[in-house]
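Colleague: As input, take query_3.txt (compact mmCIF, C-alpha atoms and all ligand atoms):
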```txt
# COMPACT_ATOMS: atom_id res chain seq x y z
CA MET A 10 -12.10 -3.62 -12.94
CA ARG A 11 -14.53 -2.98 -10.12
CA LYS A 12 -14.61 0.42 -8.42
CA ARG A 13 -15.13 1.46 -4.83
CA HIS A 14 -15.81 4.79 -3.18
CA LEU A 15 -12.69 6.47 -1.90
CA GLY A 16 -14.24 6.85 1.54
CA LYS A 17 -16.15 10.08 2.03
CA THR A 18 -14.62 11.77 -1.02
CA THR A 19 -16.65 11.96 -4.21
CA LEU A 20 -14.08 9.83 -6.04
CA GLN A 21 -14.56 6.27 -7.20
CA VAL A 22 -11.36 4.33 -7.73
CA SER A 23 -10.38 0.89 -8.94
CA GLU A 24 -10.36 -1.62 -6.09
CA LEU A 25 -6.87 -2.63 -7.17
CA ALA A 26 -4.21 0.09 -7.14
CA LEU A 27 -0.68 -0.02 -8.48
CA GLY A 28 1.98 0.61 -5.82
CA THR A 29 5.35 1.80 -7.04
CA TRP A 30 7.79 1.22 -4.19
CA GLY A 31 8.87 -2.18 -5.53
CA LEU A 32 9.21 -0.72 -9.02
CA SER A 33 11.50 2.04 -7.76
CA SER A 34 14.39 -0.40 -7.13
CA ASP A 35 14.61 1.03 -3.59
CA GLY A 36 13.01 -1.71 -1.55
CA TYR A 37 13.33 -5.03 -3.32
CA GLY A 38 16.31 -4.77 -5.65
CA PRO A 39 16.57 -3.56 -9.22
CA VAL A 40 13.79 -3.38 -11.83
CA SER A 41 14.65 -2.19 -15.35
CA GLN A 42 13.21 1.12 -16.46
CA VAL A 43 11.62 -0.62 -19.44
CA GLU A 44 9.78 -3.00 -17.11
CA VAL A 45 8.66 -0.14 -14.85
CA ASP A 46 7.04 1.60 -17.80
CA ARG A 47 5.52 -1.66 -19.04
CA VAL A 48 3.95 -2.33 -15.62
CA ILE A 49 2.45 1.17 -15.45
CA ASP A 50 1.11 0.86 -19.02
CA ARG A 51 -0.29 -2.59 -18.29
CA ALA A 52 -2.01 -1.35 -15.14
CA ILE A 53 -3.73 1.35 -17.18
CA ALA A 54 -4.69 -1.21 -19.84
CA VAL A 55 -6.38 -3.53 -17.31
CA GLY A 56 -8.40 -0.67 -15.83
CA ILE A 57 -6.38 0.27 -12.76
CA ASP A 58 -6.89 3.99 -12.24
CA LEU A 59 -5.32 4.47 -8.80
CA PHE A 60 -1.54 4.77 -8.48
CA ASP A 61 0.31 4.89 -5.18
CA THR A 62 3.70 6.54 -4.91
CA ALA A 63 5.86 8.76 -2.68
CA ASP A 64 8.31 11.56 -3.29
CA VAL A 65 11.14 9.36 -2.02
CA TYR A 66 10.53 6.34 -4.28
CA GLY A 67 13.52 6.38 -6.61
CA ARG A 68 14.24 9.90 -5.29
CA GLY A 69 11.27 11.25 -7.24
CA ASP A 70 11.69 9.00 -10.25
CA MET A 71 8.44 7.10 -9.67
CA GLU A 72 6.46 10.35 -9.51
CA ARG A 73 8.17 11.52 -12.70
CA ARG A 74 7.38 8.28 -14.50
CA LEU A 75 3.75 8.34 -13.40
CA GLY A 76 3.58 11.96 -14.51
CA LYS A 77 4.68 10.90 -18.01
CA ARG A 78 2.86 7.58 -18.42
CA LEU A 79 -0.49 8.74 -17.03
CA GLN A 80 -0.73 11.70 -19.40
CA GLY A 81 -3.39 10.92 -21.97
CA ALA A 82 -4.41 7.75 -20.11
CA GLY A 83 -7.90 8.98 -19.29
CA THR A 84 -9.03 9.61 -15.75
CA THR A 85 -6.46 8.40 -13.26
CA PHE A 86 -5.81 9.17 -9.61
CA VAL A 87 -2.48 9.50 -7.85
CA VAL A 88 -1.74 9.11 -4.15
CA THR A 89 1.61 10.50 -3.11
CA LYS A 90 3.34 10.81 0.24
CA ILE A 91 5.61 13.50 1.59
CA GLY A 92 7.56 14.11 4.78
CA THR A 93 11.02 12.61 4.21
CA ASP A 94 13.88 15.00 3.56
CA LEU A 95 16.44 13.12 1.49
CA ASP A 96 18.76 16.12 1.20
CA GLY A 97 20.03 15.79 4.76
CA LEU A 98 22.58 13.19 5.79
CA PRO A 99 21.13 10.97 7.12
CA PRO A 100 17.67 11.59 5.60
CA THR A 101 15.22 12.92 8.18
CA LYS A 102 11.49 12.97 8.71
CA ARG A 103 10.15 16.50 8.37
CA PHE A 104 6.52 17.48 8.71
CA ASP A 105 6.81 21.21 9.34
CA PRO A 106 4.54 23.14 6.95
CA ALA A 107 7.42 25.04 5.32
CA TYR A 108 9.11 21.78 4.35
CA LEU A 109 5.82 20.11 3.37
CA ARG A 110 4.99 23.04 1.06
CA THR A 111 8.27 22.69 -0.82
CA ALA A 112 7.92 18.90 -0.96
CA PHE A 113 4.36 19.17 -2.25
CA GLU A 114 5.30 21.64 -4.97
CA ARG A 115 8.12 19.36 -6.12
CA SER A 116 5.75 16.36 -6.22
CA GLN A 117 3.15 18.39 -8.09
CA GLU A 118 5.74 19.29 -10.71
CA ARG A 119 7.08 15.75 -11.11
CA LEU A 120 3.55 14.35 -11.35
CA ALA A 121 2.69 17.07 -13.88
CA ARG A 122 -0.67 17.65 -12.18
CA ASP A 123 -2.18 20.95 -11.16
CA VAL A 124 -4.35 19.08 -8.68
CA VAL A 125 -2.87 16.06 -6.90
CA ASP A 126 -5.61 13.65 -5.92
CA VAL A 127 -4.40 12.41 -2.55
CA VAL A 128 -1.45 13.56 -0.43
CA LEU A 129 -0.46 11.65 2.69
CA LEU A 130 2.05 12.26 5.45
CA HIS A 131 4.59 9.49 5.00
CA ASN A 132 4.96 7.35 8.13
CA PRO A 133 4.81 9.94 10.91
CA THR A 134 5.38 8.69 14.45
CA VAL A 135 2.72 8.98 17.15
CA ALA A 136 4.77 11.86 18.60
CA ALA A 137 4.81 13.64 15.21
CA MET A 138 1.02 13.26 15.02
CA ARG A 139 0.63 15.26 18.24
CA ASP A 140 1.59 18.32 16.24
CA LYS A 141 -1.62 19.37 14.48
CA GLU A 142 0.11 21.67 11.98
CA PRO A 143 1.08 19.08 9.31
CA LEU A 144 -2.47 17.81 8.73
CA ALA A 145 -3.82 21.35 9.04
CA PHE A 146 -1.43 22.30 6.25
CA LEU A 147 -2.72 19.47 4.02
CA LYS A 148 -6.28 20.54 4.84
CA GLU A 149 -5.38 24.04 3.62
CA LEU A 150 -4.08 22.59 0.35
CA LYS A 151 -7.42 20.85 -0.04
CA GLN A 152 -9.37 24.01 0.68
CA ALA A 153 -7.22 25.81 -1.89
CA GLY A 154 -8.17 23.16 -4.47
CA LYS A 155 -4.59 21.91 -4.89
CA ILE A 156 -5.37 18.41 -3.65
CA ARG A 157 -8.61 16.44 -3.48
CA ALA A 158 -8.01 14.51 -0.29
CA PHE A 159 -5.41 14.20 2.45
CA GLY A 160 -4.36 11.81 5.13
CA VAL A 161 -1.62 9.65 6.57
CA SER A 162 0.28 6.55 5.61
CA ALA A 163 0.29 4.96 9.04
CA GLY A 164 2.77 2.46 10.41
CA SER A 165 0.58 1.59 13.40
CA ALA A 166 -3.01 1.60 14.62
CA ASP A 167 -2.20 4.49 16.98
CA VAL A 168 -0.99 6.70 14.15
CA ALA A 169 -4.01 5.75 12.03
CA ARG A 170 -6.40 6.51 14.92
CA SER A 171 -4.82 9.88 15.47
CA ALA A 172 -5.13 10.72 11.75
CA LEU A 173 -8.78 9.69 11.71
CA ARG A 174 -9.50 11.89 14.72
CA ASP A 175 -7.88 14.78 12.86
CA GLU A 176 -10.32 14.29 9.98
CA ALA A 177 -8.04 12.53 7.50
CA ASP A 178 -9.90 11.58 4.32
CA VAL A 179 -7.61 8.64 3.66
CA ILE A 180 -5.37 6.33 5.65
CA GLU A 181 -2.94 3.88 4.10
CA ILE A 182 -2.09 0.95 6.31
CA ALA A 183 -0.52 -2.52 6.13
CA TYR A 184 -3.35 -5.04 5.95
CA ASN A 185 -3.06 -8.70 5.11
CA ALA A 186 -4.06 -12.11 6.46
CA PHE A 187 -0.94 -12.21 8.66
CA HIS A 188 -1.27 -8.58 9.75
CA PRO A 189 -4.96 -7.80 10.12
CA GLY A 190 -4.73 -6.28 13.59
CA ASP A 191 -3.99 -2.61 12.84
CA LEU A 192 -7.03 -2.20 10.61
CA HIS A 193 -9.23 -4.22 12.95
CA GLU A 194 -8.16 -1.98 15.83
CA VAL A 195 -9.27 1.17 14.03
CA ALA A 196 -12.25 -0.31 12.18
CA GLY A 197 -14.72 1.55 14.41
CA ASP A 198 -12.95 4.89 13.89
CA VAL A 199 -12.82 4.26 10.13
CA SER A 200 -16.56 3.52 9.96
CA GLU A 201 -17.42 6.52 12.10
CA SER A 202 -15.26 8.96 10.15
CA GLY A 203 -16.08 7.53 6.71
CA ALA A 204 -12.40 7.73 5.75
CA ALA A 205 -10.97 5.63 2.94
CA VAL A 206 -8.57 2.80 3.66
CA LEU A 207 -5.82 1.97 1.21
CA ALA A 208 -4.56 -1.49 2.15
CA ARG A 209 -0.89 -2.04 1.42
CA SER A 210 1.44 -5.04 1.73
CA VAL A 211 -1.40 -7.40 0.84
CA LEU A 212 1.10 -10.22 0.22
CA ALA A 213 3.15 -9.44 3.37
CA HIS A 214 6.03 -8.44 1.08
CA GLY A 215 5.63 -11.56 -1.05
CA LEU A 216 5.45 -14.12 1.77
CA LEU A 217 1.74 -14.85 1.29
CA ALA A 218 2.22 -15.79 -2.35
CA GLY A 219 3.51 -19.04 -0.84
CA GLN A 220 6.24 -19.56 -3.41
CA TRP A 221 9.30 -19.40 -1.17
CA SER A 222 11.40 -22.28 0.12
CA ALA A 223 12.92 -22.20 3.62
CA ASP A 224 16.37 -21.44 2.20
CA ARG A 225 15.23 -18.45 0.13
CA GLU A 226 17.92 -15.73 0.14
CA PHE A 227 17.32 -12.03 -0.46
CA TYR A 228 19.74 -9.59 -2.12
CA ALA A 229 21.63 -7.27 0.23
CA ASP A 230 19.63 -4.20 -0.86
CA ASP A 231 16.27 -5.97 -0.44
CA HIS A 232 14.46 -4.78 2.73
CA ARG A 233 13.42 -8.37 3.40
CA VAL A 234 17.01 -9.37 4.19
CA ASN A 235 16.57 -7.96 7.71
CA ARG A 236 12.85 -8.49 8.12
CA TRP A 237 12.88 -12.01 9.55
CA THR A 238 15.50 -14.09 11.34
CA ARG A 239 15.93 -17.54 9.77
CA GLU A 240 13.83 -19.00 12.59
CA GLU A 241 11.04 -16.42 12.16
CA PHE A 242 11.13 -17.03 8.43
CA ARG A 243 10.60 -20.79 8.90
CA THR A 244 7.76 -20.09 11.35
CA ARG A 245 6.11 -17.73 8.87
CA LEU A 246 6.32 -20.35 6.12
CA ARG A 247 4.71 -22.93 8.44
CA GLN A 248 1.94 -20.47 9.35
CA LEU A 249 0.96 -20.36 5.67
CA ASP A 250 -0.79 -23.67 6.34
CA ALA A 251 -3.58 -21.61 7.92
CA LEU A 252 -4.33 -20.12 4.50
CA ARG A 253 -4.10 -23.30 2.42
CA PRO A 254 -7.69 -24.56 2.98
CA LEU A 255 -8.89 -21.38 1.25
CA VAL A 256 -7.34 -22.59 -1.99
CA THR A 257 -10.26 -24.35 -3.60
CA GLY A 258 -12.54 -23.74 -6.59
CA ALA A 259 -12.06 -20.23 -7.99
CA VAL A 260 -9.39 -19.48 -5.37
CA VAL A 261 -6.56 -20.98 -7.39
CA SER A 262 -3.54 -20.04 -5.28
CA LEU A 263 -2.37 -18.71 -1.93
CA ARG A 264 -1.74 -15.42 -3.70
CA SER A 265 -5.39 -15.36 -4.74
CA ALA A 266 -6.51 -16.22 -1.19
CA ALA A 267 -4.36 -13.42 0.27
CA LEU A 268 -5.69 -10.83 -2.13
CA ARG A 269 -9.29 -11.95 -1.71
CA PHE A 270 -8.88 -11.71 2.08
CA VAL A 271 -8.13 -7.99 1.69
CA LEU A 272 -10.85 -7.35 -0.88
CA SER A 273 -13.42 -9.09 1.35
CA ASN A 274 -13.15 -6.21 3.81
CA ASN A 275 -15.65 -3.52 2.88
CA LEU A 276 -13.66 -0.89 4.76
CA VAL A 277 -10.95 -1.21 2.11
CA SER A 278 -11.31 1.21 -0.80
CA SER A 279 -8.41 -0.23 -2.74
CA ALA A 280 -5.76 -2.92 -2.35
CA VAL A 281 -2.39 -1.42 -3.23
CA LEU A 282 -0.51 -4.09 -5.18
CA GLY A 283 3.26 -4.35 -5.32
CA PRO A 284 4.07 -6.20 -8.57
CA ARG A 285 7.60 -5.90 -9.91
CA SER A 286 6.82 -7.21 -13.39
CA VAL A 287 3.96 -7.35 -15.87
CA ALA A 288 3.70 -11.10 -15.21
CA GLN A 289 3.16 -10.50 -11.48
CA LEU A 290 0.62 -7.77 -12.14
CA ASP A 291 -1.33 -9.99 -14.53
CA GLN A 292 -1.39 -12.84 -11.99
CA LEU A 293 -2.74 -10.54 -9.29
CA VAL A 294 -5.42 -8.97 -11.47
CA ARG A 295 -6.52 -12.38 -12.79
CA GLU A 296 -6.60 -14.03 -9.38
CA ALA A 297 -8.35 -11.23 -7.49
CA GLY A 298 -11.61 -12.76 -8.72
CA MET A 299 -14.95 -11.20 -7.95
CA PRO A 300 -17.38 -10.89 -5.05
CA PRO A 301 -17.89 -12.73 -2.84
CA TYR A 302 -14.12 -12.92 -2.71
CA LEU A 303 -14.22 -15.29 0.25
CA ARG A 304 -17.35 -16.55 1.96
CA GLY A 305 -18.16 -15.48 5.52
CA THR A 306 -17.76 -19.00 6.88
CA ALA A 307 -14.37 -19.34 5.17
CA LEU A 308 -13.26 -16.07 6.81
CA MET A 309 -14.46 -17.19 10.23
CA GLU A 310 -12.68 -20.53 9.92
CA LEU A 311 -9.57 -18.71 8.75
CA ALA A 312 -9.68 -16.47 11.83
CA GLU A 313 -9.69 -19.58 14.02
CA ARG A 314 -6.81 -21.22 12.14
CA LEU A 315 -4.75 -17.99 12.27
CA LYS A 316 -5.31 -17.82 16.02
CA GLN A 317 -4.20 -21.41 16.44
CA ALA A 318 -1.14 -20.68 14.31
CA GLY A 319 -0.21 -17.87 16.71
CA ILE A 320 -1.27 -14.93 14.57
CA GLU A 321 -3.10 -12.44 16.74
CA GLY A 322 -6.06 -10.33 15.59
CA GLY A 323 -7.22 -12.93 13.04
CA ALA A 324 -9.68 -12.26 10.25
CA ALA A 325 -12.79 -10.35 11.19
N1 LIG A 401 4.74 3.28 4.37
C1 LIG A 401 4.16 3.25 3.19
O1 LIG A 401 3.56 4.21 2.79
C2 LIG A 401 4.24 2.02 2.37
C3 LIG A 401 4.96 0.91 2.84
C4 LIG A 401 4.98 -0.24 2.04
C5 LIG A 401 4.31 -0.24 0.83
N2 LIG A 401 3.64 0.87 0.39
C6 LIG A 401 2.93 0.89 -0.92
O2 LIG A 401 2.27 -0.34 -1.13
C7 LIG A 401 2.80 -1.00 -2.29
C8 LIG A 401 2.80 -2.48 -2.05
O3 LIG A 401 3.50 -2.78 -0.84
P1 LIG A 401 4.40 -4.06 -0.64
O4 LIG A 401 5.60 -3.97 -1.52
O5 LIG A 401 4.61 -4.25 0.80
O6 LIG A 401 3.39 -5.16 -1.27
P2 LIG A 401 3.27 -6.72 -1.22
O7 LIG A 401 2.29 -7.05 -2.27
O8 LIG A 401 2.99 -7.22 0.15
O9 LIG A 401 4.73 -7.24 -1.59
C9 LIG A 401 5.32 -7.01 -2.83
C10 LIG A 401 6.18 -8.22 -3.17
O10 LIG A 401 5.32 -9.32 -3.39
C11 LIG A 401 5.82 -10.13 -4.40
N3 LIG A 401 4.80 -10.27 -5.44
C12 LIG A 401 4.13 -9.29 -6.08
N4 LIG A 401 3.31 -9.81 -7.00
C13 LIG A 401 3.48 -11.15 -6.94
C14 LIG A 401 2.94 -12.24 -7.65
N5 LIG A 401 2.04 -12.06 -8.62
N6 LIG A 401 3.32 -13.49 -7.31
C15 LIG A 401 4.24 -13.69 -6.33
N7 LIG A 401 4.82 -12.70 -5.64
C16 LIG A 401 4.44 -11.45 -5.95
C17 LIG A 401 7.06 -9.47 -4.97
O11 LIG A 401 8.16 -10.12 -4.37
P3 LIG A 401 9.45 -10.54 -5.23
O12 LIG A 401 10.19 -9.25 -5.39
O13 LIG A 401 10.13 -11.54 -4.35
O14 LIG A 401 8.97 -11.10 -6.53
C18 LIG A 401 6.95 -8.04 -4.47
O15 LIG A 401 8.18 -7.45 -4.27
C19 LIG A 401 4.18 -0.37 -2.48
O16 LIG A 401 4.62 -0.47 -3.82
C20 LIG A 401 3.92 1.06 -2.08
O17 LIG A 401 3.28 1.75 -3.14
C21 LIG A 401 3.58 1.99 1.15
```
How does this structure look as structure tokens?
Ligand SMILES: NC(=O)c1ccc[n+]([C@@H]2O[C@H](COP(=O)([O-])OP(=O)(O)OC[C@H]3O[C@@H](n4cnc5c(N)ncnc54)[C@H](OP(=O)(O)O)[C@@H]3O)[C@@H](O)[C@H]2O)c1
Modeller:
Amino acid sequence: MRKRHLGKTTLQVSELALGTWGLSSDGYGPVSQVEVDRVIDRAIAVGIDLFDTADVYGRGDMERRLGKRLQGAGTTFVVTKIGTDLDGLPPTKRFDPAYLRTAFERSQERLARDVVDVVLLHNPTVAAMRDKEPLAFLKELKQAGKIRAFGVSAGSADVARSALRDEADVIEIAYNAFHPGDLHEVAGDVSESGAAVLARSVLAHGLLAGQWSADREFYADDHRVNRWTREEFRTRLRQLDALRPLVTGAVVSLRSAALRFVLSNNLVSSAVLGPRSVAQLDQLVREAGMPPYLRGTALMELAERLKQAGIEGGAA
């Protein structure tokens, strides 16, 4: 497993990270507890040392499980996210320092770590980012030695830019061949600040694996049920043709091409994977390949094909 610098921190982390949203049964439908533990154990066994979670995933269950499974697993790093109050009805976003302190202490306990490696604000809006107190609070935690790095999981380029200007060590952002624009928009700010980028949704929630038929149905509690209209879904499947020419030689599948696209970007410290089984994890680790993940000419040609397919902000 190759390592990359976690931005300007002193940490080096595996360039593939295990994300735990899909394992939590919250976003994509149920996963058995046995399989969750097997996936975490397998990730450790293949050399993944970076684990991405949030206090809300499984209402804390993912943090608890990581806390248990990572004990005795050697050096591992955990990224968690706080800022969603599930106790209210409906749940609300809360980034005031008093709430963040309680949330952090709960996460710390569930993760069974005195020092939590990375803590991010979980999807704040641009308006929420205007308040400087939340990141200042995380900075204080860092100065007190309770966390190693802080930042924001950003749902847009504007939020990411704001976090970078406020000296975030880490941003987590959606980045994939169909959604390259947010990272490309803030690439200059990332380079200038030296912050780490954790790239999530590298398969565009599974779409880029290229294994779906046009009549694919999603379970009612799967977030993808409302993500695309039937027409948008068909368009997305057609747009996959822009990726197909990448599948040649060592690039054995669309899944491999999608993952290599993300790993080709040197701004990315780690690609946060979302496997929901050991089989999926093994496929991803095997097919990530090694540098050069995709050649420069292949990336340039891809950018042109994506543009022609109507996907803005094509590959850099
Ligand atoms: N706001 C945030 O902070 C935020 C938001 C989203 C994600 N994340 C983090 O990033 C992680 C990954 O995000 P994501 O779920 O959007 O990732 P993703 O990789 O784009 O999508 C995950 C989906 O891809 C499919 N998949 C995974 N491995 C596969 C394989 N080997 N072959 C074919 N399909 C495969 C699975 O779909 P099927 O279920 O259909 O098999 C899985 O549910 C999350 O677990 C979480 O840790 C953070």
Colleague: Kindly compile the residues surrounding ligand LIG 401 (chain A) within 8 Å, counting all atoms listed in the file, and format them as number ranges by chain.
Modeller: A: 27-32, 36-38, 60-63, 90, 131-132, 162-164, 181-183, 185, 208-220, 264, 281-286, 288-293
Colleague: Atom CA of A:Leu207 to atom CA of A:Ile180: how many Å, to one decimal?
Modeller: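 Interatomic distance, atom CA of A:Leu207 to atom CA of A:Ile180: 6.2 Å.
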Colleague: Report, in Å to a single decimal, how far apart atom CA of A:Met138 and atom CA of A:Ala177 are.
Modeller: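 Separation between atom CA of A:Ala177 and atom CA of A:Met138: 11.8 Å.
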Colleague: Please compute the atom CA of A:Asp58-atom CA of A:Gln21 distance, one decimal, in Å.
Modeller: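 Atom-to-atom, atom CA of A:Asp58 to atom CA of A:Gln21, that is 9.5 Å.
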Colleague: Please list as an mmCIF file with C-alpha atoms, keeping the file's coordinate frame every residue within 10 Å of A:Lys77, counting only C-alpha atoms and excluding residues in the same chain fewer than 3 positions away.
Modeller:
```
data_model
loop_
_atom_site.group_PDB
_atom_site.id
_atom_site.type_symbol
_atom_site.label_atom_id
_atom_site.label_comp_id
_atom_site.auth_asym_id
_atom_site.auth_seq_id
_atom_site.Cartn_x
_atom_site.Cartn_y
_atom_site.Cartn_z
ATOM 1 C CA ASP A 46 7.040 1.600 -17.800
ATOM 2 C CA MET A 71 8.440 7.100 -9.670
ATOM 3 C CA GLU A 72 6.460 10.350 -9.510
ATOM 4 C CA ARG A 73 8.170 11.520 -12.700
ATOM 5 C CA ARG A 74 7.380 8.280 -14.500
ATOM 6 C CA GLN A 80 -0.730 11.700 -19.400
ATOM 7 C CA GLY A 81 -3.390 10.920 -21.970
ATOM 8 C CA ALA A 82 -4.410 7.750 -20.110
ATOM 9 C CA ARG A 119 7.080 15.750 -11.110
ATOM 10 C CA LEU A 120 3.550 14.350 -11.350
ATOM 11 C CA ALA A 121 2.690 17.070 -13.880
#
```
Colleague: Would you list the contacts of A:Pro189 as a PyMOL selection string, taking every protein, DNA or RNA residue within 12 Å and counting all atoms listed in the file, but skipping same-chain residues closer than 2 positions in sequence?
Modeller: chain A and resi 165-166+182-187+191-196+208-213+267+270-271+274+277+311-312+315-316+320-325
Colleague: Which residues, written as a PyMOL selection string, have at least one atom at most 10 Å from A:Arg253, with all atoms listed in the file counted and residues fewer than 4 positions away on the same chain left out?
Modeller: chain A and resi 219+248-249+257+262-263+266+311
Colleague: Here is a test: counting all atoms listed in the file, which residue of A:Gly197, A:Gly56, A:Gly203, A:Gly67 is nearest to A:Pro39?
Modeller: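 Among the listed residues, the smallest separation from A:Pro39 belongs to A:Gly67.
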Colleague: So which residues touch A:Asp126 within 8 Å, counting all atoms listed in the file, skipping near sequence neighbours fewer than 4 positions away, as a PDB file with C-alpha atoms, in the coordinates of the input?
Modeller:
```pdb
ATOM      1  CA  PHE A  86      -5.810   9.170  -9.610  1.00  0.00           C
ATOM      2  CA  VAL A  87      -2.480   9.500  -7.850  1.00  0.00           C
ATOM      3  CA  VAL A  88      -1.740   9.110  -4.150  1.00  0.00           C
ATOM      4  CA  ILE A 156      -5.370  18.410  -3.650  1.00  0.00           C
ATOM      5  CA  ARG A 157      -8.610  16.440  -3.480  1.00  0.00           C
ATOM      6  CA  ALA A 158      -8.010  14.510  -0.290  1.00  0.00           C
TER       7      ALA A 158
END
```
Colleague: So that I can see what lies close to A:Ser278, please list as a PyMOL selection string the residues with an atom at most 7 Å from it, counting all atoms listed in the file and leaving out residues fewer than 2 positions away in the same chain.
Modeller: chain A and resi 13-16+24+205-207+276
Colleague: Return the single residue from A:Val45, A:Leu252, A:Arg304, A:Leu173 that is closest to A:Ser202, with distances computed using only C-alpha atoms.
Modeller: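 Between A:Val45, A:Leu252, A:Arg304, A:Leu173, the residue approaching A:Ser202 most closely is A:Leu173.
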Colleague: Taking into account all atoms listed in the file, which residue in the set A:Val48, A:Leu25, A:Leu130, A:Leu20 is nearest to A:Ala145?
Modeller: A:Leu130
